[in-house]
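Engineer: My structure is in target.json, and what it holds is JSON, C-alpha atoms:
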[["chain", "number", "residue", "atom", "x", "y", "z"],
["Y", 22, "MET", "CA", -24.43, -20.10, -6.71],
["Y", 23, "LYS", "CA", -26.20, -17.91, -4.21],
["Y", 24, "PHE", "CA", -23.57, -18.67, -1.58],
["Y", 25, "THR", "CA", -20.75, -17.90, -4.03],
["Y", 26, "ALA", "CA", -22.38, -14.61, -4.99],
["Y", 27, "GLN", "CA", -22.79, -13.64, -1.33],
["Y", 28, "LEU", "CA", -19.24, -14.63, -0.56],
["Y", 29, "GLY", "CA", -18.16, -12.56, -3.55],
["Y", 30, "MET", "CA", -20.02, -9.52, -2.32],
["Y", 31, "GLY", "CA", -18.64, -10.08, 1.19],
["Y", 32, "LEU", "CA", -15.14, -9.94, -0.19],
["Y", 33, "VAL", "CA", -15.95, -6.82, -2.16],
["Y", 34, "SER", "CA", -17.39, -5.12, 0.91],
["Y", 35, "ALA", "CA", -14.45, -6.14, 3.09],
["Y", 36, "THR", "CA", -11.97, -4.97, 0.49],
["Y", 37, "LEU", "CA", -13.77, -1.69, -0.08],
["Y", 38, "LEU", "CA", -14.18, -1.10, 3.65],
["Y", 39, "ALA", "CA", -10.48, -1.67, 4.16],
["Y", 40, "MET", "CA", -9.82, 0.88, 1.44],
["Y", 41, "SER", "CA", -12.16, 3.40, 3.10],
["Y", 42, "PHE", "CA", -14.69, 3.22, 0.28],
["Y", 43, "SER", "CA", -18.05, 3.24, 2.02],
["Y", 44, "ALA", "CA", -21.54, 4.42, 1.14],
["Y", 45, "ALA", "CA", -20.64, 7.72, 2.82],
["Y", 46, "ALA", "CA", -17.48, 8.19, 0.73],
["Y", 47, "GLN", "CA", -17.46, 11.34, -1.35],
["Y", 48, "HIS", "CA", -15.82, 11.57, -4.71],
["Y", 49, "ALA", "CA", -15.79, 13.67, -7.86],
["Y", 50, "PHE", "CA", -18.93, 11.98, -9.11],
["Y", 51, "ASN", "CA", -21.29, 12.79, -6.26],
["Y", 52, "ASN", "CA", -19.83, 16.00, -4.82],
["Y", 53, "ALA", "CA", -19.30, 19.35, -6.51],
["Y", 54, "ASP", "CA", -16.23, 20.36, -4.47],
["Y", 55, "LYS", "CA", -14.57, 17.03, -5.20],
["Y", 56, "ALA", "CA", -15.36, 17.53, -8.89],
["Y", 57, "VAL", "CA", -13.49, 20.87, -8.77],
["Y", 58, "GLU", "CA", -10.50, 19.18, -7.09],
["Y", 59, "TYR", "CA", -10.66, 16.37, -9.63],
["Y", 60, "ARG", "CA", -10.40, 18.62, -12.67],
["Y", 61, "GLN", "CA", -7.69, 20.73, -11.02],
["Y", 62, "LYS", "CA", -5.59, 17.67, -10.24],
["Y", 63, "ALA", "CA", -6.04, 16.29, -13.75],
["Y", 64, "LEU", "CA", -5.13, 19.61, -15.39],
["Y", 65, "SER", "CA", -2.17, 20.01, -13.03],
["Y", 66, "ILE", "CA", -0.59, 16.70, -14.00],
["Y", 67, "MET", "CA", -1.27, 17.46, -17.66],
["Y", 68, "GLN", "CA", 0.55, 20.77, -17.20],
["Y", 69, "ASN", "CA", 3.52, 18.99, -15.61],
["Y", 70, "ASN", "CA", 3.89, 16.78, -18.67],
["Y", 71, "PHE", "CA", 3.44, 19.73, -21.00],
["Y", 72, "ALA", "CA", 6.00, 21.83, -19.14],
["Y", 73, "VAL", "CA", 8.83, 19.35, -19.53],
["Y", 74, "MET", "CA", 8.03, 18.97, -23.23],
["Y", 75, "GLY", "CA", 8.08, 22.78, -23.43],
["Y", 76, "ASP", "CA", 11.51, 22.83, -21.77],
["Y", 77, "MET", "CA", 12.75, 20.58, -24.57],
["Y", 78, "VAL", "CA", 11.00, 22.45, -27.40],
["Y", 79, "LYS", "CA", 12.47, 25.72, -26.14],
["Y", 80, "GLY", "CA", 15.90, 24.17, -25.71],
["Y", 81, "ASP", "CA", 16.06, 24.92, -21.98],
["Y", 82, "ILE", "CA", 16.91, 21.27, -21.51],
["Y", 83, "GLU", "CA", 18.35, 18.88, -24.04],
["Y", 84, "PHE", "CA", 15.83, 17.20, -26.32],
["Y", 85, "ASP", "CA", 15.48, 13.52, -25.43],
["Y", 86, "GLY", "CA", 13.22, 11.65, -27.81],
["Y", 87, "VAL", "CA", 12.50, 8.79, -25.41],
["Y", 88, "ILE", "CA", 11.50, 11.06, -22.54],
["Y", 89, "PHE", "CA", 9.56, 13.38, -24.83],
["Y", 90, "THR", "CA", 7.58, 10.41, -26.20],
["Y", 91, "GLU", "CA", 6.80, 9.14, -22.70],
["Y", 92, "ARG", "CA", 5.52, 12.57, -21.68],
["Y", 93, "ALA", "CA", 3.55, 12.93, -24.93],
["Y", 94, "ASN", "CA", 1.96, 9.51, -24.32],
["Y", 95, "ASP", "CA", 0.93, 10.46, -20.79],
["Y", 96, "PHE", "CA", -0.30, 13.89, -21.91],
["Y", 97, "ALA", "CA", -2.47, 12.18, -24.54],
["Y", 98, "ALA", "CA", -3.80, 9.67, -22.00],
["Y", 99, "LEU", "CA", -4.66, 12.53, -19.63],
["Y", 100, "SER", "CA", -6.21, 14.83, -22.22],
["Y", 101, "ALA", "CA", -9.60, 13.12, -21.96],
["Y", 102, "ILE", "CA", -9.71, 13.14, -18.17],
["Y", 103, "PRO", "CA", -10.44, 16.64, -16.71],
["Y", 104, "TRP", "CA", -13.67, 17.51, -18.53],
["Y", 105, "ILE", "CA", -16.05, 15.32, -16.55],
["Y", 106, "GLY", "CA", -15.08, 17.48, -13.56],
["Y", 107, "PHE", "CA", -16.73, 20.47, -15.24],
["Y", 108, "SER", "CA", -19.97, 18.68, -16.06],
["Y", 109, "GLN", "CA", -20.85, 17.15, -12.70],
["Y", 110, "PRO", "CA", -23.96, 18.76, -11.20],
["Y", 111, "GLY", "CA", -23.04, 21.75, -9.06],
["Y", 112, "ALA", "CA", -19.42, 21.86, -10.27],
["Y", 113, "GLN", "CA", -19.72, 25.46, -11.46],
["Y", 114, "PRO", "CA", -17.12, 27.89, -10.13],
["Y", 115, "GLY", "CA", -17.01, 28.59, -6.41],
["Y", 116, "ASN", "CA", -14.33, 29.95, -4.09],
["Y", 117, "ASN", "CA", -11.75, 27.34, -4.94],
["Y", 118, "THR", "CA", -11.56, 27.59, -8.68],
["Y", 119, "ASP", "CA", -10.27, 29.86, -11.44],
["Y", 120, "ALA", "CA", -12.87, 28.51, -13.85],
["Y", 121, "LEU", "CA", -15.05, 31.33, -15.14],
["Y", 122, "PRO", "CA", -18.86, 31.11, -15.43],
["Y", 123, "ALA", "CA", -18.31, 31.76, -19.17],
["Y", 124, "ILE", "CA", -17.55, 28.03, -19.48],
["Y", 125, "TRP", "CA", -21.12, 27.11, -18.67],
["Y", 126, "ASP", "CA", -22.49, 30.05, -20.71],
["Y", 127, "ASN", "CA", -20.54, 28.74, -23.74],
["Y", 128, "TRP", "CA", -20.64, 25.04, -23.03],
["Y", 129, "ASP", "CA", -20.58, 23.86, -26.67],
["Y", 130, "ASP", "CA", -17.50, 25.97, -27.38],
["Y", 131, "PHE", "CA", -15.80, 24.67, -24.24],
["Y", 132, "VAL", "CA", -16.52, 21.04, -25.17],
["Y", 133, "GLU", "CA", -15.26, 21.68, -28.71],
["Y", 134, "ARG", "CA", -12.00, 23.11, -27.36],
["Y", 135, "ALA", "CA", -11.63, 20.14, -25.01],
["Y", 136, "GLU", "CA", -12.11, 17.77, -27.93],
["Y", 137, "GLN", "CA", -9.65, 19.73, -30.06],
["Y", 138, "LEU", "CA", -7.06, 19.45, -27.28],
["Y", 139, "GLN", "CA", -7.49, 15.68, -27.28],
["Y", 140, "ASN", "CA", -6.88, 15.68, -31.04],
["Y", 141, "ASP", "CA", -3.86, 17.96, -30.56],
["Y", 142, "ALA", "CA", -2.51, 15.62, -27.90],
["Y", 143, "LYS", "CA", -2.91, 12.60, -30.19],
["Y", 144, "ALA", "CA", -1.12, 14.48, -32.99],
["Y", 145, "LEU", "CA", 1.69, 15.40, -30.61],
["Y", 146, "GLN", "CA", 1.93, 11.79, -29.47],
["Y", 147, "ALA", "CA", 2.14, 10.63, -33.10],
["Y", 148, "ALA", "CA", 4.77, 13.25, -33.94],
["Y", 149, "ALA", "CA", 6.83, 12.23, -30.92],
["Y", 150, "ALA", "CA", 6.66, 8.58, -31.94],
["Y", 151, "ALA", "CA", 7.71, 9.46, -35.52],
["Y", 152, "GLY", "CA", 10.59, 11.54, -34.16],
["Y", 153, "ASP", "CA", 10.86, 14.50, -36.55],
["Y", 154, "GLN", "CA", 11.71, 17.49, -34.38],
["Y", 155, "GLY", "CA", 10.17, 20.02, -36.78],
["Y", 156, "ASP", "CA", 6.87, 18.14, -36.73],
["Y", 157, "ILE", "CA", 7.09, 17.71, -32.97],
["Y", 158, "ARG", "CA", 7.53, 21.46, -32.53],
["Y", 159, "LYS", "CA", 4.57, 22.23, -34.78],
["Y", 160, "ALA", "CA", 2.35, 19.73, -32.97],
["Y", 161, "PHE", "CA", 3.49, 21.05, -29.61],
["Y", 162, "MET", "CA", 2.71, 24.63, -30.64],
["Y", 163, "ALA", "CA", -0.75, 23.69, -31.86],
["Y", 164, "ALA", "CA", -1.52, 22.14, -28.47],
["Y", 165, "ALA", "CA", 0.03, 25.11, -26.65],
["Y", 166, "ARG", "CA", -2.11, 27.57, -28.60],
["Y", 167, "ASN", "CA", -5.22, 25.60, -27.70],
["Y", 168, "CYS", "CA", -4.27, 25.49, -24.00],
["Y", 169, "LYS", "CA", -3.65, 29.23, -24.02],
["Y", 170, "GLY", "CA", -6.77, 30.06, -26.03],
["Y", 171, "CYS", "CA", -8.98, 28.20, -23.61],
["Y", 172, "HIS", "CA", -7.26, 29.68, -20.54],
["Y", 173, "ASP", "CA", -7.61, 33.21, -21.99],
["Y", 174, "GLN", "CA", -11.30, 32.64, -22.53],
["Y", 175, "TYR", "CA", -12.30, 30.59, -19.52],
["Y", 176, "LYS", "CA", -9.73, 30.88, -16.72],
["Y", 177, "ASP", "CA", -9.51, 33.73, -14.25],
["C", 1, "MET", "CA", 13.86, 28.79, -43.76],
["C", 2, "LYS", "CA", 16.02, 30.28, -41.07],
["C", 3, "PHE", "CA", 13.57, 33.16, -40.64],
["C", 4, "THR", "CA", 10.65, 30.77, -40.48],
["C", 5, "ALA", "CA", 12.40, 28.66, -37.88],
["C", 6, "GLN", "CA", 13.17, 31.71, -35.78],
["C", 7, "LEU", "CA", 9.64, 32.98, -36.14],
["C", 8, "GLY", "CA", 8.44, 29.56, -35.09],
["C", 9, "MET", "CA", 10.60, 29.59, -32.00],
["C", 10, "GLY", "CA", 9.51, 33.14, -31.24],
["C", 11, "LEU", "CA", 5.91, 32.02, -31.24],
["C", 12, "VAL", "CA", 6.75, 29.06, -29.05],
["C", 13, "SER", "CA", 8.57, 31.27, -26.56],
["C", 14, "ALA", "CA", 5.78, 33.85, -26.54],
["C", 15, "THR", "CA", 3.16, 31.18, -26.07],
["C", 16, "LEU", "CA", 5.11, 29.44, -23.34],
["C", 17, "LEU", "CA", 5.89, 32.69, -21.59],
["C", 18, "ALA", "CA", 2.23, 33.61, -21.62],
["C", 19, "MET", "CA", 1.48, 30.25, -20.04],
["C", 20, "SER", "CA", 4.10, 30.81, -17.33],
["C", 21, "PHE", "CA", 6.35, 28.07, -18.61],
["C", 22, "SER", "CA", 9.84, 29.45, -18.29],
["C", 23, "ALA", "CA", 13.29, 28.02, -17.77],
["C", 24, "ALA", "CA", 12.73, 28.51, -14.03],
["C", 25, "ALA", "CA", 9.42, 26.62, -14.01],
["C", 26, "GLN", "CA", 9.38, 23.61, -11.73],
["C", 27, "HIS", "CA", 7.46, 20.47, -12.48],
["C", 28, "ALA", "CA", 7.28, 16.81, -11.55],
["C", 29, "PHE", "CA", 10.20, 16.00, -13.82],
["C", 30, "ASN", "CA", 12.83, 18.26, -12.31],
["C", 31, "ASN", "CA", 11.70, 18.64, -8.70],
["C", 32, "ALA", "CA", 11.25, 15.93, -6.07],
["C", 33, "ASP", "CA", 8.43, 17.69, -4.17],
["C", 34, "LYS", "CA", 6.51, 18.24, -7.39],
["C", 35, "ALA", "CA", 7.00, 14.56, -8.23],
["C", 36, "VAL", "CA", 5.36, 13.65, -4.91],
["C", 37, "GLU", "CA", 2.43, 15.98, -5.67],
["C", 38, "TYR", "CA", 2.20, 14.53, -9.16],
["C", 39, "ARG", "CA", 1.81, 10.93, -8.04],
["C", 40, "GLN", "CA", -0.61, 11.93, -5.27],
["C", 41, "LYS", "CA", -2.82, 13.83, -7.71],
["C", 42, "ALA", "CA", -2.76, 10.98, -10.21],
["C", 43, "LEU", "CA", -3.60, 8.36, -7.56],
["C", 44, "SER", "CA", -6.32, 10.62, -6.14],
["C", 45, "ILE", "CA", -8.17, 10.93, -9.44],
["C", 46, "MET", "CA", -7.75, 7.18, -10.01],
["C", 47, "GLN", "CA", -9.34, 6.61, -6.60],
["C", 48, "ASN", "CA", -12.26, 8.90, -7.49],
["C", 49, "ASN", "CA", -13.03, 6.79, -10.54],
["C", 50, "PHE", "CA", -12.59, 3.57, -8.59],
["C", 51, "ALA", "CA", -14.85, 4.77, -5.76],
["C", 52, "VAL", "CA", -17.87, 5.41, -7.98],
["C", 53, "MET", "CA", -17.40, 2.00, -9.64],
["C", 54, "GLY", "CA", -17.23, 0.55, -6.12],
["C", 55, "ASP", "CA", -20.51, 2.28, -5.22],
["C", 56, "MET", "CA", -22.11, 0.49, -8.16],
["C", 57, "VAL", "CA", -20.50, -2.89, -7.50],
["C", 58, "LYS", "CA", -21.65, -2.74, -3.87],
["C", 59, "GLY", "CA", -25.12, -1.59, -4.90],
["C", 60, "ASP", "CA", -24.91, 1.67, -2.94],
["C", 61, "ILE", "CA", -25.94, 3.39, -6.14],
["C", 62, "GLU", "CA", -27.74, 1.89, -9.10],
["C", 63, "PHE", "CA", -25.53, 0.18, -11.65],
["C", 64, "ASP", "CA", -25.33, 2.23, -14.85],
["C", 65, "GLY", "CA", -23.39, 0.49, -17.60],
["C", 66, "VAL", "CA", -22.66, 3.68, -19.54],
["C", 67, "ILE", "CA", -21.27, 5.56, -16.54],
["C", 68, "PHE", "CA", -19.40, 2.48, -15.30],
["C", 69, "THR", "CA", -17.73, 2.08, -18.70],
["C", 70, "GLU", "CA", -16.72, 5.76, -18.81],
["C", 71, "ARG", "CA", -15.17, 5.47, -15.36],
["C", 72, "ALA", "CA", -13.46, 2.18, -16.27],
["C", 73, "ASN", "CA", -12.03, 3.82, -19.41],
["C", 74, "ASP", "CA", -10.66, 6.76, -17.44],
["C", 75, "PHE", "CA", -9.32, 4.47, -14.70],
["C", 76, "ALA", "CA", -7.50, 2.44, -17.36],
["C", 77, "ALA", "CA", -6.09, 5.60, -18.99],
["C", 78, "LEU", "CA", -4.87, 6.80, -15.59],
["C", 79, "SER", "CA", -3.42, 3.49, -14.43],
["C", 80, "ALA", "CA", -0.10, 4.12, -16.22],
["C", 81, "ILE", "CA", 0.33, 7.68, -14.94],
["C", 82, "PRO", "CA", 1.39, 7.80, -11.25],
["C", 83, "TRP", "CA", 4.48, 5.60, -11.32],
["C", 84, "ILE", "CA", 6.89, 8.07, -12.91],
["C", 85, "GLY", "CA", 6.33, 10.20, -9.80],
["C", 86, "PHE", "CA", 7.99, 7.51, -7.70],
["C", 87, "SER", "CA", 11.05, 7.15, -9.93],
["C", 88, "GLN", "CA", 12.11, 10.78, -10.32],
["C", 89, "PRO", "CA", 15.45, 11.45, -8.58],
["C", 90, "GLY", "CA", 14.87, 12.49, -4.97],
["C", 91, "ALA", "CA", 11.19, 11.54, -4.97],
["C", 92, "GLN", "CA", 11.59, 9.20, -2.00],
["C", 93, "PRO", "CA", 9.28, 9.79, 0.97],
["C", 94, "GLY", "CA", 9.52, 13.04, 2.90],
["C", 95, "ASN", "CA", 7.11, 14.91, 5.15],
["C", 96, "ASN", "CA", 4.33, 15.17, 2.60],
["C", 97, "THR", "CA", 3.87, 11.57, 1.60],
["C", 98, "ASP", "CA", 2.49, 8.29, 2.94],
["C", 99, "ALA", "CA", 4.78, 6.34, 0.64],
["C", 100, "LEU", "CA", 7.01, 4.02, 2.67],
["C", 101, "PRO", "CA", 10.75, 3.58, 2.05],
["C", 102, "ALA", "CA", 9.93, -0.10, 1.45],
["C", 103, "ILE", "CA", 8.91, 0.92, -2.09],
["C", 104, "TRP", "CA", 12.48, 1.76, -2.98],
["C", 105, "ASP", "CA", 13.85, -1.22, -1.03],
["C", 106, "ASN", "CA", 11.57, -3.50, -3.09],
["C", 107, "TRP", "CA", 11.50, -1.59, -6.33],
["C", 108, "ASP", "CA", 11.05, -4.61, -8.64],
["C", 109, "ASP", "CA", 8.05, -5.80, -6.64],
["C", 110, "PHE", "CA", 6.56, -2.30, -6.67],
["C", 111, "VAL", "CA", 6.96, -2.01, -10.45],
["C", 112, "GLU", "CA", 5.45, -5.47, -10.92],
["C", 113, "ARG", "CA", 2.41, -4.48, -8.84],
["C", 114, "ALA", "CA", 2.06, -1.25, -10.82],
["C", 115, "GLU", "CA", 2.14, -3.22, -14.06],
["C", 116, "GLN", "CA", -0.36, -5.74, -12.72],
["C", 117, "LEU", "CA", -2.72, -2.87, -11.83],
["C", 118, "GLN", "CA", -2.52, -1.62, -15.40],
["C", 119, "ASN", "CA", -3.45, -5.12, -16.59],
["C", 120, "ASP", "CA", -6.28, -5.26, -14.04],
["C", 121, "ALA", "CA", -7.53, -1.89, -15.24],
["C", 122, "LYS", "CA", -7.52, -3.04, -18.87],
["C", 123, "ALA", "CA", -9.42, -6.21, -17.89],
["C", 124, "LEU", "CA", -11.97, -4.10, -15.99],
["C", 125, "GLN", "CA", -12.32, -1.80, -18.99],
["C", 126, "ALA", "CA", -12.91, -4.81, -21.26],
["C", 127, "ALA", "CA", -15.44, -6.34, -18.85],
["C", 128, "ALA", "CA", -17.29, -3.01, -18.61],
["C", 129, "ALA", "CA", -17.41, -2.76, -22.41],
["C", 130, "ALA", "CA", -18.72, -6.35, -22.66],
["C", 131, "GLY", "CA", -21.34, -5.59, -20.02],
["C", 132, "ASP", "CA", -21.63, -8.83, -18.01],
["C", 133, "GLN", "CA", -22.12, -7.75, -14.41],
["C", 134, "GLY", "CA", -20.65, -10.93, -12.96],
["C", 135, "ASP", "CA", -17.46, -10.47, -14.99],
["C", 136, "ILE", "CA", -17.39, -6.77, -14.14],
["C", 137, "ARG", "CA", -17.57, -7.60, -10.43],
["C", 138, "LYS", "CA", -14.78, -10.15, -10.72],
["C", 139, "ALA", "CA", -12.56, -7.73, -12.64],
["C", 140, "PHE", "CA", -13.31, -4.94, -10.19],
["C", 141, "MET", "CA", -12.42, -7.15, -7.24],
["C", 142, "ALA", "CA", -9.13, -8.21, -8.83],
["C", 143, "ALA", "CA", -8.17, -4.56, -9.22],
["C", 144, "ALA", "CA", -9.37, -3.75, -5.69],
["C", 145, "ARG", "CA", -7.26, -6.55, -4.23],
["C", 146, "ASN", "CA", -4.21, -5.24, -6.05],
["C", 147, "CYS", "CA", -4.83, -1.66, -4.84],
["C", 148, "LYS", "CA", -5.22, -2.90, -1.28],
["C", 149, "GLY", "CA", -2.25, -5.26, -1.44],
["C", 150, "CYS", "CA", 0.05, -2.48, -2.57],
["C", 151, "HIS", "CA", -1.30, -0.01, -0.01],
["C", 152, "ASP", "CA", -0.88, -2.58, 2.80],
["C", 153, "GLN", "CA", 2.71, -3.12, 1.76],
["C", 154, "TYR", "CA", 3.86, 0.33, 0.75],
["C", 155, "LYS", "CA", 1.56, 3.02, 2.18],
["C", 156, "ASP", "CA", 1.71, 4.38, 5.72]]
As a first step, turn the structure in this file into structure tokens.

Structural biologist:
Amino acid sequence: MKFTAQLGMGLVSATLLAMSFSAAAQHAFNNADKAVEYRQKALSIMQNNFAVMGDMVKGDIEFDGVIFTERANDFAALSAIPWIGFSQPGAQPGNNTDALPAIWDNWDDFVERAEQLQNDAKALQAAAAAGDQGDIRKAFMAAARNCKGCHDQYKD
Amino acid sequence: MKFTAQLGMGLVSATLLAMSFSAAAQHAFNNADKAVEYRQKALSIMQNNFAVMGDMVKGDIEFDGVIFTERANDFAALSAIPWIGFSQPGAQPGNNTDALPAIWDNWDDFVERAEQLQNDAKALQAAAAAGDQGDIRKAFMAAARNCKGCHDQYKD
């Protein structure tokens, strides 16, 4: 058993080493700058999904229910992701962020908005799956208003 | 009804305009370079989650079941995200990517590996929720091997 466990750990170490994960590796969960990058990357890919749905809602490109649903699914999956990058120790705004200190001065409000966005994203996902374009537009607008409201309040 | 619909669209347009989404906006779903950025950002935040789980599996930091489960949940949510960035028209490798042309020469294998990673991520998420450290380690290693296998094959 002991041997198997050691062999197991050896394999883990070898695999991790090969993937450049070492004790010295920095990531969003032990480094404030990486936490800033993390949340920016997560929000950026959310925005990409939202933008193409917006193109369809506005009629700038033809509405495609299959594509819209895929993007709504990914937007919903991503909507829970960025927020940990704001709560890591030291991840307050620095030179490489548009996040305003007001976020940390109004943390409960910020968390509430983040949770509301996740609910909005789930509602948009459900509307996309159901396929009624009027409902999809309403759900999209609700999410858009929440994005904008939070940016107005907390983004430089 | 007509008025309401127009008002609705007016609000959508105003909201989108305020958020800098316009017909000219480029995103991962209409621009090859943005698609490359998209997949890189998605894989980067996946790696961040995987790295902190790796720190715990290796014992470089103390195992914390709550944090591990949160990271496993986010890793699972993210595991479906990057792949669309490889399939957008024109998103083949250029100057700003380590993705090898072999991906597109072996597309079915690449897709199969991407799907396997999503299964691995779900298994890791389930193991984390169940809480048995031996099972967690096994599930983590299975995912790590798949990450590494795909990188060896398809990443410069």

Engineer: Tell me, in Å to one decimal, how far atom CA of Thr69 of chain C is from atom CA of Gln40 of chain C.

Structural biologist: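 The value is 23.9 Å.
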
Engineer: Which polymer residues have any atom within 12 Å of an atom of Ser79 of chain C, counting all atoms listed in the file, with same-chain residues fewer than 2 positions away left out, as an MDAnalysis selection string?

Structural biologist: (chainID Y and resid 95 98:99) or (chainID C and resid 39 42:47 49:50 71:77 81:84 113:125 143 147)

Engineer: Have a look at atom CA of Lys34 of chain C and atom CA of Ile88 of chain Y and let me know their distance in Å, one decimal.

Structural biologist: 17.5 Å

Engineer: Given the choices C:Asp105, C:Asn146, C:Ser87, C:Val57, which gets closest to Gly134 of chain C if the distance is worked out from all atoms listed in the file?

Structural biologist: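 Once distances to Gly134 of chain C are computed over all atoms listed in the file, the minimum belongs to C:Val57.
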
Engineer: Rounded to one decimal in Å, what is the spacing between atom CA of Lys41 of chain C and atom CA of Gly131 of chain C?

Structural biologist: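 According to the coordinates, atom CA of Lys41 of chain C and atom CA of Gly131 of chain C are separated by 29.5 Å.
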
Engineer: Generate a file for segment 27-33 of chain C, containing all heavy atoms, as a tab-separated table (two decimals), in the first residue's frame.

Structural biologist:
chain	number	residue	atom	x	y	z
C	27	HIS	N	-15.29	40.09	-31.63
C	27	HIS	CA	-15.24	39.14	-30.53
C	27	HIS	C	-14.79	37.78	-31.06
C	27	HIS	O	-14.54	37.64	-32.26
C	27	HIS	CB	-16.59	39.08	-29.82
C	27	HIS	CG	-17.75	38.92	-30.75
C	27	HIS	ND1	-17.95	37.77	-31.46
C	27	HIS	CD2	-18.74	39.78	-31.12
C	27	HIS	CE1	-19.04	37.91	-32.21
C	27	HIS	NE2	-19.52	39.12	-32.03
C	28	ALA	N	-14.70	36.84	-30.14
C	28	ALA	CA	-14.15	35.52	-30.49
C	28	ALA	C	-14.95	34.82	-31.58
C	28	ALA	O	-14.44	33.88	-32.20
C	28	ALA	CB	-14.12	34.64	-29.24
C	29	PHE	N	-16.18	35.29	-31.82
C	29	PHE	CA	-17.06	34.54	-32.70
C	29	PHE	C	-17.20	35.15	-34.09
C	29	PHE	O	-17.98	34.68	-34.90
C	29	PHE	CB	-18.42	34.34	-32.02
C	29	PHE	CG	-18.25	33.72	-30.66
C	29	PHE	CD1	-18.25	34.50	-29.52
C	29	PHE	CD2	-17.99	32.37	-30.55
C	29	PHE	CE1	-18.05	33.93	-28.27
C	29	PHE	CE2	-17.78	31.79	-29.31
C	29	PHE	CZ	-17.81	32.57	-28.16
C	30	ASN	N	-16.41	36.20	-34.33
C	30	ASN	CA	-16.36	36.74	-35.70
C	30	ASN	C	-14.96	37.17	-36.10
C	30	ASN	O	-14.79	37.85	-37.11
C	30	ASN	CB	-17.36	37.91	-35.87
C	30	ASN	CG	-17.00	39.11	-35.02
C	30	ASN	OD1	-15.93	39.16	-34.41
C	30	ASN	ND2	-17.90	40.08	-34.95
C	31	ASN	N	-13.96	36.78	-35.30
C	31	ASN	CA	-12.60	37.26	-35.54
C	31	ASN	C	-11.60	36.19	-35.08
C	31	ASN	O	-11.63	35.77	-33.91
C	31	ASN	CB	-12.40	38.57	-34.77
C	31	ASN	CG	-11.00	39.15	-34.93
C	31	ASN	OD1	-10.06	38.67	-34.29
C	31	ASN	ND2	-10.88	40.16	-35.76
C	32	ALA	N	-10.74	35.77	-35.99
C	32	ALA	CA	-9.84	34.65	-35.70
C	32	ALA	C	-8.86	34.98	-34.57
C	32	ALA	O	-8.61	34.15	-33.70
C	32	ALA	CB	-9.07	34.25	-36.97
C	33	ASP	N	-8.30	36.20	-34.57
C	33	ASP	CA	-7.35	36.57	-33.52
C	33	ASP	C	-8.02	36.57	-32.15
C	33	ASP	O	-7.44	36.14	-31.15
C	33	ASP	CB	-6.75	37.95	-33.78
C	33	ASP	CG	-5.76	37.93	-34.94
C	33	ASP	OD1	-5.24	36.83	-35.24
C	33	ASP	OD2	-5.53	38.99	-35.55
